[in-house]
>>> print(open('entry13.cif').read())   # mmCIF, C-alpha atoms
data_upload
loop_
_atom_site.label_atom_id
_atom_site.label_comp_id
_atom_site.auth_asym_id
_atom_site.auth_seq_id
_atom_site.Cartn_x
_atom_site.Cartn_y
_atom_site.Cartn_z
CA MET A 248 16.94 7.98 -7.90
CA LYS A 249 15.44 10.22 -10.55
CA SER A 250 12.23 12.09 -9.77
CA LEU A 251 8.95 10.26 -10.17
CA ASN A 252 8.01 12.40 -13.17
CA GLU A 253 11.30 11.55 -14.88
CA ARG A 254 10.71 7.86 -14.28
CA LEU A 255 7.10 8.12 -15.45
CA GLN A 256 8.36 9.49 -18.75
CA VAL A 257 10.50 6.36 -19.22
CA VAL A 258 7.52 4.18 -18.35
CA GLU A 259 5.43 6.19 -20.83
CA GLU A 260 7.87 5.35 -23.62
CA HIS A 261 7.77 1.65 -22.78
CA VAL A 262 3.96 1.61 -22.55
CA LYS A 263 3.66 3.26 -25.96
CA ASN A 264 6.10 0.69 -27.37
CA ASP A 265 4.09 -2.16 -25.79
CA GLU A 266 7.07 -3.27 -23.71
CA ILE A 267 5.96 -3.16 -20.07
CA THR A 268 7.86 -5.08 -17.38
CA ILE A 269 6.31 -5.52 -13.94
CA MET A 270 8.43 -6.97 -11.14
CA ILE A 271 6.75 -8.51 -8.09
CA ILE A 272 9.13 -8.94 -5.15
CA GLY A 273 7.81 -11.58 -2.76
CA LEU A 274 5.34 -14.18 -4.00
CA GLY A 275 3.24 -14.71 -0.90
CA SER A 276 -0.52 -14.33 -0.97
CA VAL A 277 -0.48 -10.64 -2.04
CA GLY A 278 2.07 -11.32 -4.78
CA THR A 279 0.27 -14.42 -6.05
CA TYR A 280 -3.11 -12.68 -6.19
CA LEU A 281 -1.49 -9.75 -8.01
CA LEU A 282 0.21 -12.09 -10.47
CA ASP A 283 -3.16 -13.71 -11.20
CA PHE A 284 -4.87 -10.34 -11.68
CA LEU A 285 -2.14 -9.12 -14.05
CA VAL A 286 -2.24 -12.35 -16.06
CA SER A 287 -6.01 -11.89 -16.32
CA LYS A 288 -5.41 -8.47 -17.87
CA ASN A 289 -4.52 -10.56 -20.94
CA ASP A 290 -2.14 -7.91 -22.22
CA PRO A 291 0.69 -9.25 -24.42
CA ALA A 292 2.62 -6.02 -23.82
CA ILE A 293 3.12 -6.99 -20.17
CA LYS A 294 6.03 -9.16 -19.02
CA LEU A 295 5.93 -10.30 -15.40
CA VAL A 296 8.99 -11.02 -13.29
CA VAL A 297 8.53 -12.66 -9.89
CA VAL A 298 11.42 -12.32 -7.47
CA GLY A 299 12.20 -14.28 -4.33
CA ARG A 300 14.43 -16.87 -2.75
CA ASN A 301 12.75 -20.25 -3.27
CA GLN A 302 12.75 -21.39 -6.92
CA GLU A 303 10.58 -24.45 -6.32
CA LYS A 304 7.86 -22.62 -4.39
CA MET A 305 7.72 -19.67 -6.76
CA GLN A 306 7.64 -21.88 -9.84
CA SER A 307 4.83 -23.92 -8.32
CA ASP A 308 2.79 -20.77 -7.63
CA VAL A 309 3.51 -19.42 -11.11
CA ASN A 310 2.44 -22.71 -12.69
CA ILE A 311 -0.99 -22.69 -11.09
CA VAL A 312 -1.56 -19.03 -12.10
CA ARG A 313 -0.51 -19.80 -15.69
CA VAL A 314 -2.71 -22.89 -15.94
CA ALA A 315 -5.71 -21.20 -14.31
CA GLY A 316 -5.27 -18.24 -16.64
CA LEU A 317 -5.15 -20.43 -19.71
CA ILE A 318 -8.33 -22.25 -18.64
CA ARG A 319 -10.00 -18.81 -18.80
CA GLU A 320 -8.16 -18.16 -22.10
CA LEU A 321 -6.38 -15.25 -20.43
CA ASN A 322 -2.68 -15.91 -20.59
CA LYS A 323 -0.81 -13.59 -22.93
CA SER A 324 1.86 -12.36 -20.52
CA GLU A 325 5.32 -13.87 -20.26
CA ILE A 326 6.23 -14.82 -16.68
CA ILE A 327 9.84 -15.08 -15.55
CA VAL A 328 10.92 -16.54 -12.20
CA GLU A 329 13.99 -14.84 -10.71
CA ALA A 330 14.94 -17.03 -7.75
CA GLY A 331 17.80 -16.97 -5.29
CA VAL A 332 17.19 -13.33 -4.31
CA ASP A 333 17.77 -12.70 -0.60
CA LEU A 334 15.99 -9.56 0.62
CA ASN A 335 18.55 -9.23 3.41
CA ASP A 336 21.25 -8.93 0.73
CA ILE A 337 21.02 -5.60 -1.09
CA SER A 338 23.41 -6.64 -3.86
CA SER A 339 21.18 -9.63 -4.57
CA ILE A 340 18.20 -7.32 -5.05
CA GLU A 341 20.31 -4.95 -7.19
CA ASN A 342 21.25 -7.77 -9.56
CA ALA A 343 17.61 -8.72 -10.13
CA ILE A 344 16.51 -5.13 -10.79
CA ASP A 345 19.48 -4.40 -13.04
CA LYS A 346 18.92 -7.62 -15.00
CA HIS A 347 15.25 -7.05 -15.81
CA ASN A 348 15.00 -3.23 -15.89
CA PRO A 349 11.35 -3.15 -14.74
CA ASP A 350 8.86 -0.34 -15.31
CA PHE A 351 7.04 -1.17 -12.10
CA ILE A 352 8.35 -2.75 -8.91
CA VAL A 353 5.81 -4.02 -6.37
CA ASN A 354 7.21 -4.87 -2.96
CA SER A 355 4.85 -7.49 -1.54
CA SER A 356 7.45 -9.03 0.79
CA ARG A 357 6.96 -9.47 4.53
CA ALA A 358 9.64 -9.76 7.20
CA TYR A 359 7.47 -12.21 9.13
CA PRO A 360 5.48 -14.11 6.47
CA GLY A 361 2.17 -15.86 6.97
CA LEU A 362 0.98 -13.66 9.84
CA LYS A 363 -1.51 -10.78 9.79
CA TYR A 364 0.09 -8.52 12.40
CA GLY A 365 -3.27 -6.98 13.17
CA SER A 366 -4.51 -10.32 14.45
CA ILE A 367 -2.20 -9.74 17.41
CA SER A 368 -2.35 -5.99 17.87
CA TRP A 369 -5.90 -4.85 17.14
CA ASN A 370 -7.78 -6.68 19.88
CA ASN A 371 -4.95 -6.18 22.37
CA VAL A 372 -3.70 -2.62 21.90
CA ARG A 373 -6.07 -1.33 19.21
CA ALA A 374 -3.22 -0.05 17.05
CA TYR A 375 -1.18 -1.24 14.10
CA GLY A 376 1.67 1.28 14.15
CA ILE A 377 3.62 -0.90 16.58
CA TRP A 378 4.67 -3.06 13.59
CA THR A 379 6.24 -0.25 11.53
CA PRO A 380 9.86 -1.44 12.09
CA LEU A 381 8.87 -4.89 10.77
CA SER A 382 7.01 -3.38 7.83
CA ILE A 383 9.99 -1.26 6.78
CA LYS A 384 12.62 -3.98 7.26
CA PHE A 385 12.69 -5.30 3.68
CA THR A 386 11.30 -2.13 2.08
CA LYS A 387 14.39 -0.14 3.05
CA ASN A 388 16.67 -2.79 1.49
CA ILE A 389 14.67 -2.83 -1.74
CA MET A 390 14.74 0.95 -1.97
CA GLU A 391 18.48 1.07 -1.32
CA ALA A 392 18.91 -1.40 -4.18
CA CYS A 393 16.64 0.72 -6.41
CA ASP A 394 18.70 3.78 -5.60
CA ASN A 395 22.02 2.04 -6.20
CA VAL A 396 21.06 0.85 -9.69
CA ASP A 397 19.19 4.13 -10.41
CA THR A 398 16.09 2.30 -11.56
CA ASP A 399 13.55 3.96 -13.81
CA ALA A 400 10.76 1.93 -12.23
CA VAL A 401 7.72 3.26 -10.42
CA VAL A 402 7.83 1.59 -6.99
CA ILE A 403 4.75 0.48 -5.04
CA ASN A 404 4.91 -0.67 -1.43
CA THR A 405 2.31 -2.97 0.16
CA SER A 406 3.06 -2.94 3.89
CA TYR A 407 1.87 -0.08 6.16
CA SER A 408 2.87 2.62 3.72
CA ASP A 409 1.16 5.33 5.85
CA ALA A 410 4.27 5.30 8.07
CA VAL A 411 6.89 3.28 6.18
CA ILE A 412 7.26 5.60 3.19
CA PRO A 413 7.38 8.81 5.30
CA TRP A 414 10.01 7.19 7.53
CA LEU A 415 12.26 6.52 4.55
CA LYS A 416 11.73 10.04 3.25
CA SER A 417 12.48 11.58 6.66
CA ALA A 418 15.76 9.64 6.69
CA GLU A 419 16.58 11.15 3.28
CA LYS A 420 16.55 7.68 1.73
CA ALA A 421 14.99 6.56 -1.53
CA TYR A 422 11.33 5.76 -0.92
CA PRO A 423 8.45 4.07 -2.81
CA ASP A 424 6.27 6.34 -4.91
CA PHE A 425 2.92 4.84 -3.94
CA GLY A 426 1.51 2.67 -1.20
CA SER A 427 -1.22 0.12 -1.79
CA GLY A 428 -4.00 -1.13 0.47
CA ASN A 429 -5.17 0.59 3.69
CA LEU A 430 -7.23 3.61 2.53
CA ASN A 431 -7.92 1.78 -0.74
CA HIS A 432 -9.71 -0.99 1.19
CA LEU A 433 -12.20 1.46 2.68
CA ILE A 434 -13.24 3.30 -0.48
CA PRO A 435 -15.26 0.39 -1.99
CA ARG A 436 -17.12 -0.14 1.28
CA MET A 437 -18.06 3.54 1.22
CA LYS A 438 -19.22 3.28 -2.41
CA PHE A 439 -21.49 0.36 -1.52
CA ALA A 440 -22.82 2.31 1.48
CA VAL A 441 -23.60 5.48 -0.49
CA ALA A 442 -25.27 3.52 -3.29
CA ASP A 443 -27.41 1.76 -0.68
CA ILE A 444 -28.38 5.06 0.95
CA LEU A 445 -29.28 6.59 -2.43
CA GLY A 446 -31.13 3.46 -3.50
CA VAL A 447 -29.10 2.99 -6.70
CA ASP A 448 -27.38 -0.05 -8.15
CA ASP A 449 -24.56 1.64 -10.09
CA PHE A 450 -22.19 2.02 -7.15
CA TRP A 451 -19.32 2.52 -9.59
CA ASN A 452 -20.70 6.01 -10.27
CA VAL A 453 -20.11 6.99 -6.63
CA ASP A 454 -16.93 8.98 -6.03
CA PHE A 455 -15.24 10.74 -3.14
CA ASN A 456 -12.67 13.24 -2.11
CA PHE A 457 -11.38 11.66 1.05
CA ALA A 458 -8.26 11.32 3.19
CA ALA A 459 -7.56 9.04 6.13
CA ALA A 460 -4.76 6.92 7.55
CA HIS A 461 -4.65 3.23 8.43
CA PHE A 462 -6.40 3.43 11.81
CA HIS A 463 -9.57 4.69 10.18
CA ASP A 464 -9.47 2.08 7.45
CA VAL A 465 -9.63 -0.48 10.25
CA VAL A 466 -11.99 1.17 12.74
CA ILE A 467 -14.54 2.21 10.11
CA SER A 468 -14.36 -1.19 8.39
CA LYS A 469 -14.69 -3.11 11.67
CA GLU A 470 -16.90 -0.82 13.75
CA GLY A 471 -18.53 1.71 11.43
CA GLN A 472 -17.30 4.75 13.40
CA THR A 473 -14.41 7.22 13.39
CA GLU A 474 -13.45 7.44 17.07
CA GLY A 475 -14.62 11.05 17.08
CA VAL A 476 -12.22 12.26 14.38
CA GLU A 477 -13.77 14.41 11.63
CA LEU A 478 -12.31 13.22 8.33
CA PRO A 479 -12.22 15.32 5.14
CA LEU A 480 -14.96 13.78 2.97
CA LYS A 481 -17.08 14.93 0.02
CA ILE A 482 -19.46 12.54 -1.72
CA TYR A 483 -20.48 12.54 -5.40
CA TYR A 484 -22.86 10.53 -7.54
CA LYS A 485 -22.48 10.89 -11.31
CA GLY A 486 -20.43 13.99 -10.64
CA GLU A 487 -23.07 15.69 -8.48
CA GLU A 488 -22.23 16.38 -4.83
CA GLN A 489 -24.46 14.52 -2.37
CA ASP A 490 -25.55 15.78 1.05
CA ILE A 491 -25.36 12.58 3.10
CA ASN A 492 -24.58 12.34 6.78
CA HIS A 493 -21.00 11.08 7.05
CA ASP A 494 -21.65 9.01 10.15
CA GLU A 495 -24.43 7.18 8.32
CA ILE A 496 -21.99 6.25 5.56
CA TYR A 497 -19.37 5.05 8.02
CA SER A 498 -21.92 3.03 9.99
CA ARG A 499 -22.73 1.01 6.87
CA CYS A 500 -19.08 0.20 6.13
CA SER A 501 -18.80 -2.56 8.70
CA ILE A 502 -18.92 -5.51 6.30
CA SER A 503 -18.01 -9.03 7.43
CA MET A 504 -14.83 -10.28 5.77
CA PRO A 505 -12.35 -13.12 6.36
CA VAL A 506 -9.41 -12.43 8.64
CA ASP A 507 -7.01 -14.90 7.01
CA GLN A 508 -4.85 -14.43 3.91
CA LYS A 509 -7.89 -14.14 1.65
CA ARG A 510 -7.99 -10.51 2.80
CA ASN A 511 -4.85 -9.95 0.74
CA MET A 512 -7.01 -10.10 -2.36
CA MET A 513 -7.81 -6.45 -1.56
CA ASN A 514 -4.16 -5.39 -1.23
CA ALA A 515 -3.30 -7.11 -4.51
CA SER A 516 -6.24 -5.33 -6.14
CA SER A 517 -4.91 -2.03 -4.84
CA ASN A 518 -1.53 -2.69 -6.47
CA TYR A 519 -3.28 -3.68 -9.68
CA ARG A 520 -5.30 -0.47 -9.69
CA ILE A 521 -2.23 1.76 -9.33
CA ILE A 522 -0.41 -0.03 -12.15
CA SER A 523 -3.50 0.01 -14.39
CA ALA A 524 -4.15 3.68 -13.65
CA ILE A 525 -0.68 4.66 -14.86
CA ILE A 526 -0.91 2.49 -17.98
CA ASP A 527 -4.45 3.69 -18.75
CA ALA A 528 -3.54 7.36 -18.24
CA ILE A 529 -0.73 6.96 -20.77
CA ARG A 530 -2.79 4.97 -23.29
CA THR A 531 -5.96 7.09 -23.13
CA GLY A 532 -4.67 10.51 -22.11
CA GLU A 533 -7.45 10.67 -19.50
CA ASP A 534 -6.83 11.46 -15.83
CA GLN A 535 -7.04 8.49 -13.46
CA LYS A 536 -7.88 8.79 -9.77
CA VAL A 537 -6.50 6.47 -7.11
CA PHE A 538 -6.28 6.52 -3.31
CA SER A 539 -2.87 5.79 -1.89
CA PRO A 540 -1.28 5.64 1.58
CA GLY A 541 2.17 7.13 2.02
CA VAL A 542 2.11 8.63 -1.45
CA PHE A 543 5.10 10.89 -2.20
CA GLY A 544 6.39 10.28 1.32
CA HIS A 545 3.45 11.86 3.17
CA ILE A 546 1.95 10.50 6.38
CA GLY A 547 -1.44 8.83 5.87
CA GLY A 548 -3.55 8.36 2.74
CA TYR A 549 -4.57 10.78 -0.02
CA PRO A 550 -6.57 11.01 -3.26
CA VAL A 551 -4.12 11.09 -6.17
CA ILE A 552 -4.53 12.04 -9.83
CA ILE A 553 -2.38 10.41 -12.50
CA GLY A 554 -2.48 12.21 -15.83
CA TYR A 555 -0.89 14.83 -18.02
CA LYS A 556 0.31 18.28 -16.99
CA ASP A 557 1.90 20.52 -19.62
CA ASN A 558 1.93 17.48 -21.94
CA ASN A 559 4.01 15.44 -19.48
CA ILE A 560 2.77 12.37 -17.63
CA SER A 561 2.65 13.16 -13.93
CA ALA A 562 1.03 12.31 -10.58
CA TRP A 563 -0.18 14.69 -7.88
CA ILE A 564 -2.31 14.84 -4.75
CA ASP A 565 -5.83 16.03 -5.57
CA GLU A 566 -6.29 19.33 -3.71
CA SER A 567 -9.31 20.42 -5.76
CA VAL A 568 -11.60 20.09 -2.72
CA PHE A 569 -9.44 19.82 0.41
CA THR A 570 -6.09 21.49 0.93
CA PHE A 571 -3.03 19.40 1.69
CA ASP A 572 -2.92 20.89 5.19
CA GLU A 573 -6.52 19.83 5.89
CA MET A 574 -5.79 16.27 4.76
CA ASP A 575 -2.43 16.13 6.52
CA LYS A 576 -4.03 17.17 9.83
CA ALA A 577 -6.63 14.39 9.63
CA ASN A 578 -4.02 11.84 8.59
CA ARG A 579 -1.77 12.69 11.52
CA GLU A 580 -4.66 12.38 13.95
CA SER A 581 -5.52 9.02 12.44
CA LEU A 582 -1.94 7.73 12.60
CA ALA A 583 -1.63 8.87 16.23
CA LEU A 584 -4.61 6.67 17.08
CA ASP A 585 -2.65 3.88 15.40
CA GLY A 586 0.20 4.41 17.85
CA VAL A 587 2.52 6.65 15.82
CA GLU A 588 2.93 10.12 17.32
CA ASP A 589 5.22 11.44 14.61
CA ILE A 590 7.89 10.60 12.06
CA LYS A 591 10.70 13.10 11.75
CA ASP A 592 14.49 13.33 11.56
CA ALA A 593 14.77 9.68 10.49
CA THR A 594 12.95 8.66 13.68
CA LEU A 595 9.66 6.89 14.34
CA ILE A 596 8.02 8.17 17.54
CA TYR A 597 5.46 5.97 19.28
CA THR A 598 2.62 7.45 21.34
CA ASP A 599 2.77 7.19 25.13
CA ASP A 600 -0.62 5.49 25.02
CA LEU A 601 0.73 2.67 22.83
CA ILE A 602 3.82 2.27 25.02
CA ASP A 603 1.62 1.91 28.11
CA LYS A 604 -0.68 -0.60 26.42
CA VAL A 605 2.23 -2.72 25.16
CA LYS A 606 3.67 -2.78 28.68
CA ASN A 607 0.35 -3.79 30.23
CA VAL A 608 -0.74 -6.33 27.63
CA PHE A 609 2.51 -7.86 26.39
CA GLU A 610 4.81 -7.04 29.32
CA ALA A 611 7.28 -5.56 26.84
CA ASP A 612 9.03 -2.19 26.98
CA LEU A 613 8.49 -0.50 23.64
CA PRO A 614 10.99 2.35 23.06
CA LYS A 615 9.61 5.86 22.73
CA GLU A 616 11.70 6.48 19.62
CA VAL A 617 13.12 4.18 16.94
CA LYS A 618 15.95 5.71 14.96
CA TYR A 619 16.50 4.56 11.40
CA GLU A 620 19.69 2.73 12.32
CA ASP A 621 17.79 0.79 14.99
CA ILE A 622 15.15 -0.66 12.66
CA GLU A 623 16.64 -4.17 12.56
CA LYS A 624 17.10 -4.29 16.34
CA THR A 625 13.54 -3.15 16.99
CA ALA A 626 12.10 -5.54 14.41
CA ASP A 627 13.87 -8.41 16.17
CA PHE A 628 12.52 -7.13 19.51
CA LEU A 629 8.96 -7.18 18.19
CA ILE A 630 9.35 -10.76 16.99
CA GLU A 631 11.09 -12.00 20.14
CA LYS A 632 9.07 -10.17 22.81
CA ILE A 633 5.61 -9.93 21.25
CA ILE A 634 4.97 -12.14 18.20
CA THR A 635 6.67 -15.33 19.36
CA PRO A 636 5.11 -15.35 22.88
CA GLN A 637 1.65 -14.67 21.41
CA LEU A 638 1.95 -17.44 18.84
CA ASN A 639 3.16 -19.87 21.50
CA LYS A 640 0.17 -19.28 23.77
#
>>> encode(input="entry13.cif", output="structure tokens")
Amino acid sequence: MKSLNERLQVVEEHVKNDEITIMIIGLGSVGTYLLDFLVSKNDPAIKLVVVGRNQEKMQSDVNIVRVAGLIRELNKSEIIVEAGVDLNDISSIENAIDKHNPDFIVNSSRAYPGLKYGSISWNNVRAYGIWTPLSIKFTKNIMEACDNVDTDAVVINTSYSDAVIPWLKSAEKAYPDFGSGNLNHLIPRMKFAVADILGVDDFWNVDFNFAAAHFHDVVISKEGQTEGVELPLKIYYKGEEQDINHDEIYSRCSISMPVDQKRNMMNASSNYRIISAIIDAIRTGEDQKVFSPGVFGHIGGYPVIIGYKDNNISAWIDESVFTFDEMDKANRESLALDGVEDIKDATLIYTDDLIDKVKNVFEADLPKEVKYEDIEKTADFLIEKIITPQLNK
């Protein structure tokens, strides 16, 4: 695939010509929420293509989004249903991408649909990284298809990008440009917390420089603490740095939320924000800031700027406050607490602590290392030895 900056220049041309095509692969709850949000953008320049296997189900979901949008008088985007696409069949994915030539591809597919993996792992082993082989299962097929057709699209991944995107990069495979969710779910909680501490109502004027991986999204959101890890964080209100105790901020982030698929409203919003940031940067010429896990193939989550450098549209990690090394160190510590010791040489390496917990809790022998070529085998193992027994209890 071409470099991200080369592809962004193609997207820039299409945005300026008001011809933007967004492809959503997988129309589960994340994909359907995202479709609804994009329809509500009410932008006639946007064409939406939803991709999946089941024509009847997808068309039914599209119909309700279209009708609901029109009730709100927000329905200016064309929606196309591309059915019969099997995510286990790379040529099938290639045909869909080649046919529609999207500017953005959002992978919202799941190898085991309808289940929040964390509902099994968090209370039992206190780690999410165990599911990485399942999270990468369809992503790797989609990226191989993107590479084969040499797409110009910007690709966004929705499932555990903190580890999935770096794993693809370490295997020297094509990889998504951005990840959604995870870190992005924590930032709003922190904005609400800081606004509350300062006694202000305009929480949208709170900003951060911050980096953390998935474990800390969960542990701060659920428990209001960092497990003793010092995370790189600077706080600003209306551009002025604020001296606020970090632990006080984190303690106020534990906000009650549903644990079912309604949570995917946040992941869909994260996808929406990345897409909108790119479009807005092109249309306005102003820098846009997002927070993204796995961005550019790096472990964990980072602040990212999308804007113009030397008159060219570009995207880069914001190192204006913290160096990459400082953020990378914190991210690796965070991911290790999530059960992933390292990702290198096309291999995912689990922590010994996670292996011991899986043995004790699930009576399953998790391998120390999962090589890229063993992804399918390990994904099947996770379903057979852990998910199925837990669901049958």
>>> resolve_selection(input="entry13.cif", expression="the PyMOL selection byres ((chain A and resi 452) around 12)", output="PyMOL selection string")
chain A and resi 435+438-439+441-442+445+447-451+453-455+482-488
>>> atom_distance(input="entry13.cif", atom1="CA of Ile311 in chain A", atom2="CA of Asn342 in chain A")
26.8 Å
>>> resolve_selection(input="entry13.cif", expression="the PyMOL selection byres ((chain A and resi 255) around 10)", output="MDAnalysis selection string")
chainID A and resid 249:254 256:261 350:351 399:401 525 529 559:562
>>> closest_residue(input="entry13.cif", among="A:Thr594, A:Ser567, A:Thr635, A:Ser498", to="Val411 in chain A", atoms="only C-alpha atoms")
A:Thr594
>>> resolve_selection(input="entry13.cif", expression="the PyMOL selection byres ((chain A and resi 458-465) around 7)", output="list in words")
Asp409, Asn429, Leu430, His432, Leu433, Phe457, Val466, Ile467, Ser468, Lys469, Thr473, Leu478, Pro479, Gly547, Gly548, Tyr549, Pro550, Met574, Ala577, Asn578, Ser581, Leu582, Leu584 and Asp585 of chain A
>>> write_last_selection(input="entry13.cif", atoms="C-alpha atoms", output="mmCIF file, keeping the file's coordinate frame")
data_model
loop_
_atom_site.group_PDB
_atom_site.id
_atom_site.type_symbol
_atom_site.label_atom_id
_atom_site.label_comp_id
_atom_site.auth_asym_id
_atom_site.auth_seq_id
_atom_site.Cartn_x
_atom_site.Cartn_y
_atom_site.Cartn_z
ATOM 1 C CA ASP A 409 1.160 5.330 5.850
ATOM 2 C CA ASN A 429 -5.170 0.590 3.690
ATOM 3 C CA LEU A 430 -7.230 3.610 2.530
ATOM 4 C CA HIS A 432 -9.710 -0.990 1.190
ATOM 5 C CA LEU A 433 -12.200 1.460 2.680
ATOM 6 C CA PHE A 457 -11.380 11.660 1.050
ATOM 7 C CA VAL A 466 -11.990 1.170 12.740
ATOM 8 C CA ILE A 467 -14.540 2.210 10.110
ATOM 9 C CA SER A 468 -14.360 -1.190 8.390
ATOM 10 C CA LYS A 469 -14.690 -3.110 11.670
ATOM 11 C CA THR A 473 -14.410 7.220 13.390
ATOM 12 C CA LEU A 478 -12.310 13.220 8.330
ATOM 13 C CA PRO A 479 -12.220 15.320 5.140
ATOM 14 C CA GLY A 547 -1.440 8.830 5.870
ATOM 15 C CA GLY A 548 -3.550 8.360 2.740
ATOM 16 C CA TYR A 549 -4.570 10.780 -0.020
ATOM 17 C CA PRO A 550 -6.570 11.010 -3.260
ATOM 18 C CA MET A 574 -5.790 16.270 4.760
ATOM 19 C CA ALA A 577 -6.630 14.390 9.630
ATOM 20 C CA ASN A 578 -4.020 11.840 8.590
ATOM 21 C CA SER A 581 -5.520 9.020 12.440
ATOM 22 C CA LEU A 582 -1.940 7.730 12.600
ATOM 23 C CA LEU A 584 -4.610 6.670 17.080
ATOM 24 C CA ASP A 585 -2.650 3.880 15.400
#
>>> atom_distance(input="entry13.cif", atom1="CA of Val402 in chain A", atom2="CA of Asp424 in chain A")
5.4 Å
>>> closest_residue(input="entry13.cif", among="A:Ile502, A:Thr379, A:Asn395, A:Arg373", to="Met437 in chain A", atoms="all atoms listed in the file")
A:Ile502
>>> axis_aligned_box(input="entry13.cif", around="range 526-533 of chain A", padding_each_side="8 Å", output="AutoDock Vina command-line options")
--center_x -4.1 --center_y 6.6 --center_z -20.6 --size_x 22.7 --size_y 24.2 --size_z 21.3
>>> atom_distance(input="entry13.cif", atom1="CA of Ile272 in chain A", atom2="CA of Val353 in chain A")
6.1 Å
>>> closest_residue(input="entry13.cif", among="A:Leu282, A:Ala528, A:Val277, A:Val296", to="Gly428 in chain A", atoms="all atoms listed in the file")
A:Val277
